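Pasting work02.txt here (compact mmCIF, C-alpha atoms):
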# COMPACT_ATOMS: atom_id res chain seq x y z
CA MET A 1 -40.92 24.77 41.86
CA LYS A 2 -39.34 21.79 40.13
CA ALA A 3 -40.15 23.30 36.74
CA LEU A 4 -38.10 26.37 37.63
CA LEU A 5 -35.02 24.32 38.39
CA PRO A 6 -33.82 23.76 34.79
CA ILE A 7 -34.41 27.45 34.03
CA GLY A 8 -32.31 28.40 37.03
CA VAL A 9 -29.54 26.07 35.93
CA VAL A 10 -29.50 27.52 32.41
CA LEU A 11 -29.50 31.08 33.74
CA ALA A 12 -26.63 30.29 36.07
CA GLY A 13 -24.73 28.72 33.20
CA ALA A 14 -25.33 31.76 31.07
CA LEU A 15 -24.02 33.91 33.91
CA LEU A 16 -20.88 31.85 34.13
CA SER A 17 -20.52 32.02 30.38
CA ALA A 18 -20.85 35.78 30.49
CA CYS A 19 -17.94 35.86 32.90
CA SER A 20 -15.74 34.45 30.17
CA GLY A 21 -17.32 37.16 28.03
CA ASP A 22 -15.52 39.14 25.39
CA ASP A 23 -12.57 38.21 23.25
CA THR A 24 -9.49 37.92 25.37
CA THR A 25 -5.81 37.87 24.65
CA THR A 26 -3.61 36.22 27.20
CA PHE A 27 0.10 36.94 27.13
CA LEU A 28 1.89 33.95 28.53
CA GLU A 29 4.82 34.64 30.80
CA ILE A 30 7.09 31.93 29.58
CA GLU A 31 10.82 31.89 29.10
CA ASN A 32 11.31 29.92 25.95
CA ASP A 33 14.68 28.59 25.04
CA ALA A 34 15.70 30.43 21.88
CA ILE A 35 15.20 28.65 18.61
CA ASN A 36 18.70 28.38 17.30
CA LEU A 37 18.96 28.84 13.56
CA THR A 38 22.30 27.94 12.09
CA LEU A 39 24.24 30.30 9.86
CA PRO A 40 25.14 29.59 6.24
CA GLU A 41 28.73 28.58 6.75
CA PRO A 42 30.13 29.58 3.34
CA LEU A 43 28.61 33.02 3.75
CA ILE A 44 30.00 33.52 7.22
CA SER A 45 33.39 32.27 6.20
CA ALA A 46 33.44 34.80 3.42
CA SER A 47 32.24 37.43 5.85
CA ASP A 48 35.01 36.53 8.27
CA GLU A 49 37.46 37.04 5.45
CA GLY A 50 36.24 40.61 5.24
CA LEU A 51 34.37 40.23 1.99
CA PHE A 52 31.07 41.69 3.11
CA ASP A 53 32.33 44.30 5.54
CA ASN A 54 29.37 44.16 7.90
CA THR A 55 26.84 44.51 5.12
CA LEU A 56 25.24 41.11 5.77
CA ARG A 57 22.08 40.64 7.77
CA PRO A 58 19.38 37.98 8.10
CA GLU A 59 15.74 38.66 7.30
CA VAL A 60 13.45 36.35 9.23
CA THR A 61 9.80 36.18 8.20
CA LEU A 62 7.02 33.91 9.38
CA SER A 63 4.19 32.33 7.43
CA ASN A 64 1.68 34.54 9.24
CA GLY A 65 3.32 37.58 7.67
CA VAL A 66 5.24 38.68 10.75
CA THR A 67 8.83 39.82 10.28
CA VAL A 68 11.15 39.16 13.18
CA SER A 69 13.25 42.16 14.02
CA VAL A 70 16.79 40.80 14.33
CA ASN A 71 19.71 42.58 15.93
CA ARG A 72 23.34 41.70 15.69
CA GLY A 73 25.07 40.65 18.87
CA VAL A 74 28.66 39.69 19.40
CA GLY A 75 30.47 38.43 16.32
CA ASN A 76 28.30 36.42 13.97
CA GLN A 77 25.35 36.25 16.29
CA TRP A 78 21.91 37.70 15.65
CA SER A 79 18.83 37.44 17.80
CA GLY A 80 15.26 38.59 17.79
CA SER A 81 11.93 37.98 19.48
CA VAL A 82 8.32 37.93 18.39
CA ASN A 83 4.97 37.22 20.02
CA LEU A 84 3.09 34.38 18.40
CA PRO A 85 -0.29 32.73 18.94
CA THR A 86 -0.02 29.38 20.65
CA ASN A 87 -1.09 26.00 19.40
CA ALA A 88 0.05 26.61 15.83
CA LEU A 89 2.77 25.78 13.35
CA PHE A 90 4.68 28.53 11.57
CA GLU A 91 6.96 28.35 8.58
CA VAL A 92 10.08 30.41 9.11
CA THR A 93 12.00 31.77 6.16
CA ILE A 94 15.52 33.04 6.76
CA VAL A 95 17.10 35.00 3.94
CA TRP A 96 20.58 36.37 4.22
CA VAL A 97 20.88 39.58 2.34
CA GLU A 98 23.63 42.03 1.59
CA THR A 99 23.29 45.71 1.08
CA PHE A 100 25.09 45.96 -2.19
CA GLN A 101 25.27 49.09 -4.26
CA GLN A 102 22.22 50.41 -2.44
CA LEU A 103 20.29 47.29 -3.25
CA THR A 104 19.22 44.49 -0.98
CA LEU A 105 20.81 41.49 -2.60
CA PRO A 106 19.61 38.06 -1.38
CA LEU A 107 22.38 35.52 -1.09
CA ALA A 108 21.18 32.45 0.81
CA SER A 109 17.94 31.15 2.23
CA ARG A 110 16.53 28.43 4.35
CA ILE A 111 12.98 27.45 5.33
CA THR A 112 12.09 25.66 8.52
CA THR A 113 9.02 25.09 10.69
CA ILE A 114 8.43 25.90 14.32
CA ASP A 115 5.69 24.60 16.60
CA VAL A 116 4.27 26.86 19.28
CA ALA A 117 2.49 24.56 21.72
CA ALA A 118 -0.59 25.39 23.73
CA ASP A 119 1.51 26.14 26.80
CA GLY A 120 3.65 28.59 24.84
CA THR A 121 6.76 26.51 24.43
CA ALA A 122 8.23 26.78 20.96
CA VAL A 123 10.47 24.29 19.20
CA GLU A 124 11.79 23.75 15.73
CA VAL A 125 9.94 20.83 14.19
CA GLN A 126 12.28 17.89 14.06
CA ASN A 127 11.55 16.84 10.52
CA ALA A 128 12.38 20.38 9.38
CA LEU A 129 15.89 20.27 10.73
CA ASP A 130 17.47 20.42 7.34
CA THR A 131 19.90 23.15 8.16
CA SER A 132 21.27 23.50 4.67
CA TYR A 133 20.89 26.78 2.87
CA THR A 134 20.27 27.29 -0.80
CA PHE A 135 22.30 29.84 -2.67
CA ASP A 136 20.34 29.93 -5.90
CA PHE A 137 19.36 33.58 -5.99
CA ASP A 138 20.34 34.98 -9.33
CA PHE A 139 19.49 38.66 -9.60
CA ASP A 140 20.82 39.23 -13.10
CA GLY A 141 19.75 35.85 -14.47
CA ASP A 142 23.12 34.97 -15.92
CA GLY A 143 23.13 31.46 -14.50
CA ARG A 144 25.55 32.24 -11.70
CA SER A 145 24.13 32.82 -8.25
CA ASN A 146 24.44 36.12 -6.47
CA PHE A 147 26.59 34.46 -3.83
CA ASP A 148 28.96 32.93 -6.40
CA GLU A 149 29.37 36.21 -8.14
CA ARG A 150 29.98 38.04 -4.89
CA VAL A 151 32.69 35.68 -3.65
CA ASP A 152 34.33 35.27 -7.05
CA GLU A 153 37.58 37.18 -7.08
CA ASN A 154 37.21 37.81 -10.77
CA PRO A 155 36.57 41.54 -11.06
CA ASN A 156 34.53 41.03 -14.21
CA THR A 157 31.68 39.28 -12.44
CA ASP A 158 28.84 41.38 -11.14
CA PRO A 159 25.70 39.94 -9.56
CA LEU A 160 23.72 42.87 -10.92
CA GLU A 161 24.86 42.49 -14.52
CA PHE A 162 24.32 39.64 -16.95
CA ASP A 163 27.80 38.51 -17.80
CA MET B 1 -50.86 -9.57 56.34
CA MET B 2 -47.39 -9.55 57.85
CA THR B 3 -46.18 -6.92 60.21
CA ALA B 4 -42.74 -5.40 60.10
CA LYS B 5 -41.94 -7.19 63.33
CA SER B 6 -42.79 -10.58 61.92
CA GLN B 7 -40.72 -9.84 58.82
CA LYS B 8 -37.75 -8.97 60.98
CA ARG B 9 -38.22 -12.22 62.87
CA ARG B 10 -38.39 -14.07 59.59
CA GLN B 11 -35.15 -12.50 58.38
CA LEU B 12 -33.39 -13.34 61.61
CA TRP B 13 -34.63 -16.89 61.32
CA ALA B 14 -33.34 -17.06 57.74
CA LEU B 15 -29.93 -15.84 58.83
CA PHE B 16 -29.84 -18.32 61.66
CA THR B 17 -30.82 -21.13 59.31
CA CYS B 18 -28.15 -20.13 56.84
CA LEU B 19 -25.54 -20.16 59.58
CA ALA B 20 -26.74 -23.55 60.75
CA LEU B 21 -26.56 -24.90 57.22
CA SER B 22 -23.00 -23.67 56.82
CA LEU B 23 -21.95 -25.27 60.09
CA SER B 24 -23.71 -28.45 59.11
CA ALA B 25 -21.95 -28.58 55.74
CA TRP B 26 -18.60 -27.86 57.41
CA GLY B 27 -19.18 -30.63 59.92
CA GLN B 28 -20.07 -33.13 57.24
CA GLY B 29 -16.77 -32.65 55.46
CA ASN B 30 -16.47 -35.11 52.61
CA ASN B 31 -19.13 -37.42 53.95
CA THR B 32 -21.83 -38.19 51.43
CA ALA B 33 -24.66 -37.74 53.91
CA LEU B 34 -28.16 -37.06 52.70
CA ASP B 35 -28.98 -33.43 52.02
CA VAL B 36 -31.92 -32.65 54.21
CA SER B 37 -31.38 -28.91 54.44
CA PRO B 38 -33.66 -26.78 52.32
CA PRO B 39 -32.56 -23.53 50.67
CA VAL B 40 -32.71 -20.30 52.63
CA ILE B 41 -34.59 -17.35 51.17
CA GLU B 42 -33.74 -13.77 52.05
CA LEU B 43 -36.39 -11.36 50.89
CA GLU B 44 -36.75 -7.64 51.49
CA THR B 45 -40.26 -6.66 50.66
CA LEU B 46 -41.47 -3.39 49.23
CA ASP B 47 -44.89 -2.68 50.59
CA ASN B 48 -45.95 0.36 48.63
CA VAL B 49 -44.51 1.38 45.28
CA VAL B 50 -45.45 3.49 42.31
CA ALA B 51 -47.35 1.68 39.58
CA ASP B 52 -45.30 1.46 36.43
CA GLU B 53 -44.90 -0.68 33.35
CA SER B 54 -43.11 -3.35 35.31
CA GLN B 55 -42.50 -4.49 38.85
CA VAL B 56 -39.25 -6.18 39.79
CA PHE B 57 -38.97 -8.65 42.64
CA THR B 58 -35.52 -9.58 43.86
CA VAL B 59 -34.56 -12.22 46.38
CA GLN B 60 -31.39 -13.85 47.69
CA ILE B 61 -31.33 -17.61 48.01
CA ALA B 62 -28.64 -19.84 49.49
CA ASP B 63 -28.32 -23.59 49.64
CA ASP B 64 -25.68 -25.74 51.27
CA ILE B 65 -25.33 -28.10 48.29
CA GLN B 66 -26.92 -27.13 44.99
CA LEU B 67 -29.90 -24.94 44.32
CA GLN B 68 -32.20 -26.20 41.60
CA ASP B 69 -34.66 -23.40 40.92
CA ALA B 70 -36.54 -20.43 42.29
CA THR B 71 -40.15 -19.78 41.44
CA PHE B 72 -42.14 -16.61 41.86
CA TYR B 73 -45.88 -17.06 42.43
CA PHE B 74 -48.08 -14.05 42.02
CA ARG B 75 -51.62 -12.84 41.53
CA ARG B 76 -53.37 -9.49 41.47
CA ALA B 77 -55.63 -8.65 44.38
CA GLY B 78 -59.04 -10.19 43.80
CA GLN B 79 -57.76 -13.02 41.63
CA GLN B 80 -57.79 -16.59 42.88
CA PRO B 81 -55.08 -18.76 41.34
CA PHE B 82 -51.43 -17.82 41.59
CA THR B 83 -49.34 -17.75 38.44
CA ALA B 84 -45.87 -19.31 38.57
CA MET B 85 -42.85 -17.59 37.03
CA SER B 86 -39.25 -18.82 37.07
CA MET B 87 -36.88 -16.39 38.72
CA THR B 88 -33.72 -15.49 36.85
CA ALA B 89 -30.32 -15.58 38.51
CA ILE B 90 -28.68 -12.17 38.43
CA ALA B 91 -25.10 -11.30 39.12
CA GLY B 92 -23.50 -13.47 41.78
CA GLY B 93 -24.27 -13.99 45.42
CA GLY B 94 -27.41 -16.05 44.84
CA PHE B 95 -29.63 -13.18 43.75
CA PHE B 96 -32.71 -14.02 41.72
CA SER B 97 -35.13 -11.70 40.05
CA ALA B 98 -38.57 -11.79 38.47
CA THR B 99 -39.97 -8.96 36.39
CA LEU B 100 -43.69 -8.62 36.11
CA ARG B 101 -45.12 -6.58 33.24
CA THR B 102 -47.81 -4.31 34.65
CA ASP B 103 -50.18 -1.59 33.54
CA PRO B 104 -49.36 1.76 35.20
CA ASN B 105 -53.10 2.40 35.48
CA ASP B 106 -53.81 -0.90 37.20
CA LEU B 107 -53.49 -0.17 40.89
CA ARG B 108 -54.48 -3.59 42.15
CA ALA B 109 -51.98 -4.90 44.68
CA ILE B 110 -49.68 -7.76 43.77
CA GLU B 111 -49.81 -10.75 46.11
CA TYR B 112 -46.89 -13.13 45.89
CA TYR B 113 -44.72 -15.72 47.48
CA ILE B 114 -41.48 -17.40 46.51
CA GLN B 115 -40.39 -20.99 46.43
CA ALA B 116 -36.85 -22.35 46.19
CA ARG B 117 -35.83 -25.96 45.69
CA ASP B 118 -32.49 -27.67 45.82
CA THR B 119 -31.34 -30.61 43.75
CA SER B 120 -32.12 -33.00 46.60
CA GLY B 121 -35.76 -32.04 46.50
CA ASN B 122 -35.76 -29.88 49.64
CA ARG B 123 -38.11 -26.96 49.35
CA THR B 124 -38.46 -23.60 51.07
CA VAL B 125 -41.29 -21.15 50.70
CA SER B 126 -41.12 -17.50 51.66
CA GLY B 127 -44.65 -16.24 52.04
CA PHE B 128 -47.58 -18.58 51.61
CA ALA B 129 -50.48 -18.95 49.26
CA PHE B 130 -52.81 -18.42 52.21
CA ASP B 131 -50.74 -15.51 53.56
CA PRO B 132 -48.82 -13.95 50.67
CA TYR B 133 -46.69 -10.86 50.65
CA VAL B 134 -48.53 -7.85 49.32
CA ARG B 135 -47.06 -5.05 47.20
CA SER B 136 -49.46 -2.15 46.98
CA LEU B 137 -49.37 0.04 43.91
CA SER B 138 -50.21 3.70 43.66
CA THR B 139 -49.71 6.60 41.32
CA ALA B 140 -46.67 8.83 41.85
CA GLY B 141 -48.68 11.51 43.61
CA LEU B 142 -50.61 9.09 45.78
CA ALA B 143 -47.48 7.28 46.90
CA GLN B 144 -46.39 10.27 48.91
CA GLU B 145 -49.85 11.17 50.13
CA GLN B 146 -50.59 7.64 51.28
CA ALA B 147 -47.59 7.46 53.55
CA THR B 148 -48.96 6.65 56.98
CA PRO B 149 -48.42 9.07 59.85
CA GLU B 150 -46.21 6.44 61.44
CA GLN B 151 -44.03 6.25 58.33
CA THR B 152 -43.88 10.02 58.13
CA LEU B 153 -42.85 10.29 61.76
CA GLN B 154 -40.25 7.57 61.30
CA SER B 155 -38.75 9.23 58.27
CA THR B 156 -38.63 12.55 60.10
CA THR B 157 -36.96 11.21 63.20
CA ASN B 158 -34.51 9.18 61.15
CA GLN B 159 -33.65 12.08 58.87
CA PRO B 160 -29.95 12.39 59.77
CA LEU B 161 -29.47 8.65 59.30
CA VAL B 162 -31.16 8.75 55.91
CA ALA B 163 -29.12 11.76 54.85
CA ALA B 164 -25.89 10.11 55.89
CA SER B 165 -26.64 7.00 53.88
CA THR B 166 -27.62 8.86 50.70
CA PRO B 167 -24.78 8.89 48.15
CA PHE B 168 -23.50 12.45 47.68
CA TYR B 169 -24.16 12.43 43.95
CA LYS B 170 -27.84 11.78 44.60
CA LYS B 171 -28.21 14.88 46.73
CA ARG B 172 -30.16 17.56 45.01
CA TRP B 173 -27.79 20.40 45.77
CA VAL B 174 -24.83 18.42 44.40
CA GLN B 175 -26.75 17.74 41.21
CA ILE B 176 -27.64 21.43 40.92
CA VAL B 177 -24.02 22.51 41.39
CA PHE B 178 -22.79 20.00 38.82
CA GLY B 179 -25.54 21.08 36.44
CA VAL B 180 -24.62 24.75 36.76
CA VAL B 181 -20.93 24.05 36.26
CA ALA B 182 -21.57 21.77 33.29
CA VAL B 183 -23.85 24.25 31.57
CA GLY B 184 -21.36 27.03 32.25
CA VAL B 185 -18.48 25.08 30.81
CA ILE B 186 -20.44 24.16 27.70
CA ALA B 187 -21.72 27.69 27.20
CA SER B 188 -18.27 29.09 27.80
CA SER B 189 -16.66 26.75 25.31
CA LEU B 190 -19.27 27.62 22.69
CA ASP B 191 -18.95 31.31 23.37
CA SER B 192 -15.20 31.40 23.34
CA ASP B 193 -14.90 29.55 20.07
CA GLY B 194 -11.42 30.63 18.96
CA THR B 195 -11.69 34.08 20.50
CA ASP B 196 -9.46 33.43 23.49
CA THR B 197 -6.03 34.04 22.02
CA ARG B 198 -2.94 33.05 23.92
CA ILE B 199 0.26 34.72 22.90
CA ALA B 200 3.72 33.45 23.71
CA PRO B 201 7.09 35.15 23.20
CA VAL B 202 9.33 33.24 20.82
CA ASN B 203 13.03 33.99 20.60
CA PHE B 204 15.28 33.33 17.65
CA THR B 205 19.03 33.13 17.64
CA LEU B 206 21.19 32.85 14.55
CA GLU B 207 24.75 31.87 15.24
As structure tokens, please, write out the structure in this file.
Amino acid sequence: MKALLPIGVVLAGALLSACSGDDTTTFLEIENDAINLTLPEPLISASDEGLFDNTLRPEVTLSNGVTVSVNRGVGNQWSGSVNLPTNALFEVTIVWVETFQQLTLPLASRITTIDVAADGTAVEVQNALDTSYTFDFDFDGDGRSNFDERVDENPNTDPLEFD
Amino acid sequence: MMTAKSQKRRQLWALFTCLALSLSAWGQGNNTALDVSPPVIELETLDNVVADESQVFTVQIADDIQLQDATFYFRRAGQQPFTAMSMTAIAGGGFFSATLRTDPNDLRAIEYYIQARDTSGNRTVSGFAFDPYVRSLSTAGLAQEQATPEQTLQSTTNQPLVAASTPFYKKRWVQIVFGVVAVGVIASSLDSDGTDTRIAPVNFTLE
């Protein structure tokens, strides 16, 4: 009888284990505060001056390959949502692009990191809070950035042409 | 051979003596009177145990002034002279212990008595060379079978008391439940290695 005891314990354990069974995906019902990503001020200022005429939009992609679908709200406000696995860090790349002459022209970008904790709460990693954007996209390779050439009032500058 | 009744009487006598010693010491105060009180030995005997590679004997000894030493005298049944062994103080509270290396196959009983002396030369003996305590040894299987009908009856009638005094973690059903849960948790954690994905909604705002 005593010899059967360990076998019974193992069988019971296996039964409990089987209860946890197959792969599971748990969707956490959590209301995260939105991760607030700042806007590139020079770009928005130019937009406010009517330069871009509602042709600007942000493209937000994550290091796991997911693209966040972003919609424009009131004024210069965009928002989007995405489901992410917990307990992981993700690099977030924000690229502001303009639809220009039927092309998607990148103007400014910024990379930051977010941390999705085990309980589902998500925060921007503190040491990644460098909110500055870079404007060094140069489509035509003429040494002047796309942004510079777009805001330059000189009609002879074109971000799509080496000049 | 001592009966349980006589052992009880002996323990009561030891307690009484201890109390008397304490009162005596309290009454003496700082007087430097001669110490004529011997140590008091408290011993709970084990009459029948399973033979193993060692046998441990533990005793509690108190003295009103200063205890000098405790000696354990023993012999195997059939031997003549007793062998002396110093008892080692363990923990606090005047507990002393002696460990006797034994052969698990040697089922000869161990006959023993204990002597305690204080620094004034007073001496107490628990058990005597001519009437020693006896610890019988048996194999694991025999230990249960050799329980006397009286012991069996006593353990049956006292069952609730015994159960109440047993720590919960020593109860078999508690150990089984803990075992099942522990095995389940381990198996579950091994099984679910990275397969249990938790997804959280993350919102972004650009403004």
Query - Residues near B:Thr58, cut-off 7 Å, all atoms listed in the file, skip fewer than 2 positions along chain, as an NGL selection string - result: :B and (56 or 95-98)
Query raised in the report: Distance atom CA of A:Ser132-atom CA of A:Gly80, one decimal place?
Result: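 These two atoms are separated by 20.9 Å.
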**Report entry** Contacts of A:Ile114 within 9 Å, only C-alpha atoms, excl. fewer than 3 positions in-chain, as a PyMOL selection string
**Finding:** chain A and resi 35+88-92+122-126+128
Requested in this report: Rank nothing, just name the residue among B:Arg123, B:Arg108, B:Arg172, B:Arg135 nearest to chain A, using only C-alpha atoms.
Outcome: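 Using only C-alpha atoms, the shortest distance to chain A belongs to B:Arg172.
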Report task. Identify, on the basis of all atoms listed in the file, every residue whose closest approach to A:Leu107 does not exceed 8 Å; exclude the query and any residue fewer than 3 positions from it along the same chain; express the result as a ChimeraX atom specification. Result -> /A:95-98,135-137,145-147
**Report entry** Spatial neighbours of A:Asp142, max dist 8 Å, all atoms listed in the file, sep filter under 2 positions, as a PyMOL selection string
**Finding:** chain A and resi 138+140+144+161-163
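Comparing the minimum interatomic distances between chain B and each of A:Ala117, A:Leu43, A:Leu37, A:Leu160, counting all atoms listed in the file, we find that A:Leu37 sits nearest.
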Query - Using only C-alpha atoms: which of B:Thr71, B:Ser54, B:Gln175, B:Thr88 has the shortest distance to B:Asn105 - result: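 Under the stated criterion, the closest residue is B:Ser54.
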Query raised in the report: Mind listing as a ChimeraX atom specification all residues within 9 Å of (3.8, 38.2, 15.2), counting all atoms listed in the file?
Result: /A:62,64-68,82-85
Query raised in the report: For the point (-38.6, -32.0, 50.4) in file coordinates, what residues are within 10 Å, counting all atoms listed in the file? Give the answer as a PyMOL selection string?
Result: chain B and resi 35-38+117-124
Report task. Provide the atom CA of B:Glu42 to atom CA of B:Pro132 distance in Å, to one decimal place. Result ->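 Straight-line distance from atom CA of B:Glu42 to atom CA of B:Pro132 works out to 15.1 Å.
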When you get a chance, write out N, CA and C atoms for stretch 130-155 of chain A, as a short mmCIF file (atom, residue, chain, number, x, y, z; two decimals), in the coordinates of the input.
data_model
loop_
_atom_site.label_atom_id
_atom_site.label_comp_id
_atom_site.auth_asym_id
_atom_site.auth_seq_id
_atom_site.Cartn_x
_atom_site.Cartn_y
_atom_site.Cartn_z
N ASP A 130 16.50 20.37 8.42
CA ASP A 130 17.47 20.42 7.34
C ASP A 130 18.09 21.80 7.38
N THR A 131 19.29 21.84 7.90
CA THR A 131 19.90 23.15 8.16
C THR A 131 20.61 23.72 6.93
N SER A 132 20.52 23.01 5.83
CA SER A 132 21.27 23.50 4.67
C SER A 132 20.57 24.70 4.04
N TYR A 133 21.39 25.59 3.55
CA TYR A 133 20.89 26.78 2.87
C TYR A 133 20.98 26.58 1.37
N THR A 134 20.15 27.26 0.66
CA THR A 134 20.27 27.29 -0.80
C THR A 134 20.83 28.65 -1.20
N PHE A 135 21.62 28.62 -2.22
CA PHE A 135 22.30 29.84 -2.67
C PHE A 135 21.90 30.15 -4.12
N ASP A 136 20.70 29.87 -4.48
CA ASP A 136 20.34 29.93 -5.90
C ASP A 136 19.68 31.25 -6.31
N PHE A 137 19.87 32.28 -5.54
CA PHE A 137 19.36 33.58 -5.99
C PHE A 137 20.24 34.08 -7.15
N ASP A 138 19.59 34.50 -8.17
CA ASP A 138 20.34 34.98 -9.33
C ASP A 138 19.67 36.27 -9.82
N PHE A 139 20.14 37.37 -9.33
CA PHE A 139 19.49 38.66 -9.60
C PHE A 139 19.51 39.00 -11.09
N ASP A 140 20.69 38.82 -11.71
CA ASP A 140 20.82 39.23 -13.10
C ASP A 140 20.49 38.13 -14.09
N GLY A 141 20.20 36.93 -13.60
CA GLY A 141 19.75 35.85 -14.47
C GLY A 141 20.81 35.32 -15.40
N ASP A 142 22.07 35.45 -15.02
CA ASP A 142 23.12 34.97 -15.92
C ASP A 142 23.53 33.53 -15.63
N GLY A 143 22.83 32.87 -14.78
CA GLY A 143 23.13 31.46 -14.50
C GLY A 143 24.08 31.28 -13.34
N ARG A 144 24.67 32.33 -12.87
CA ARG A 144 25.55 32.24 -11.70
C ARG A 144 24.85 32.93 -10.53
N SER A 145 24.88 32.29 -9.39
CA SER A 145 24.13 32.82 -8.25
C SER A 145 24.75 34.11 -7.73
N ASN A 146 23.95 34.87 -7.06
CA ASN A 146 24.44 36.12 -6.47
C ASN A 146 25.65 35.85 -5.57
N PHE A 147 25.50 34.78 -4.76
CA PHE A 147 26.59 34.46 -3.83
C PHE A 147 27.88 34.14 -4.59
N ASP A 148 27.77 33.30 -5.62
CA ASP A 148 28.96 32.93 -6.40
C ASP A 148 29.62 34.17 -6.99
N GLU A 149 28.79 35.03 -7.50
CA GLU A 149 29.37 36.21 -8.14
C GLU A 149 29.96 37.19 -7.13
N ARG A 150 29.44 37.14 -5.90
CA ARG A 150 29.98 38.04 -4.89
C ARG A 150 31.32 37.52 -4.32
N VAL A 151 31.45 36.21 -4.25
CA VAL A 151 32.69 35.68 -3.65
C VAL A 151 33.77 35.44 -4.73
N ASP A 152 33.37 35.48 -5.97
CA ASP A 152 34.33 35.27 -7.05
C ASP A 152 35.30 36.45 -7.08
N GLU A 153 36.57 36.12 -7.09
CA GLU A 153 37.58 37.18 -7.08
C GLU A 153 37.77 37.82 -8.45
N ASN A 154 37.13 37.23 -9.43
CA ASN A 154 37.21 37.81 -10.77
C ASN A 154 36.49 39.16 -10.80
N PRO A 155 37.20 40.22 -11.10
CA PRO A 155 36.57 41.54 -11.06
C PRO A 155 35.54 41.74 -12.16
#
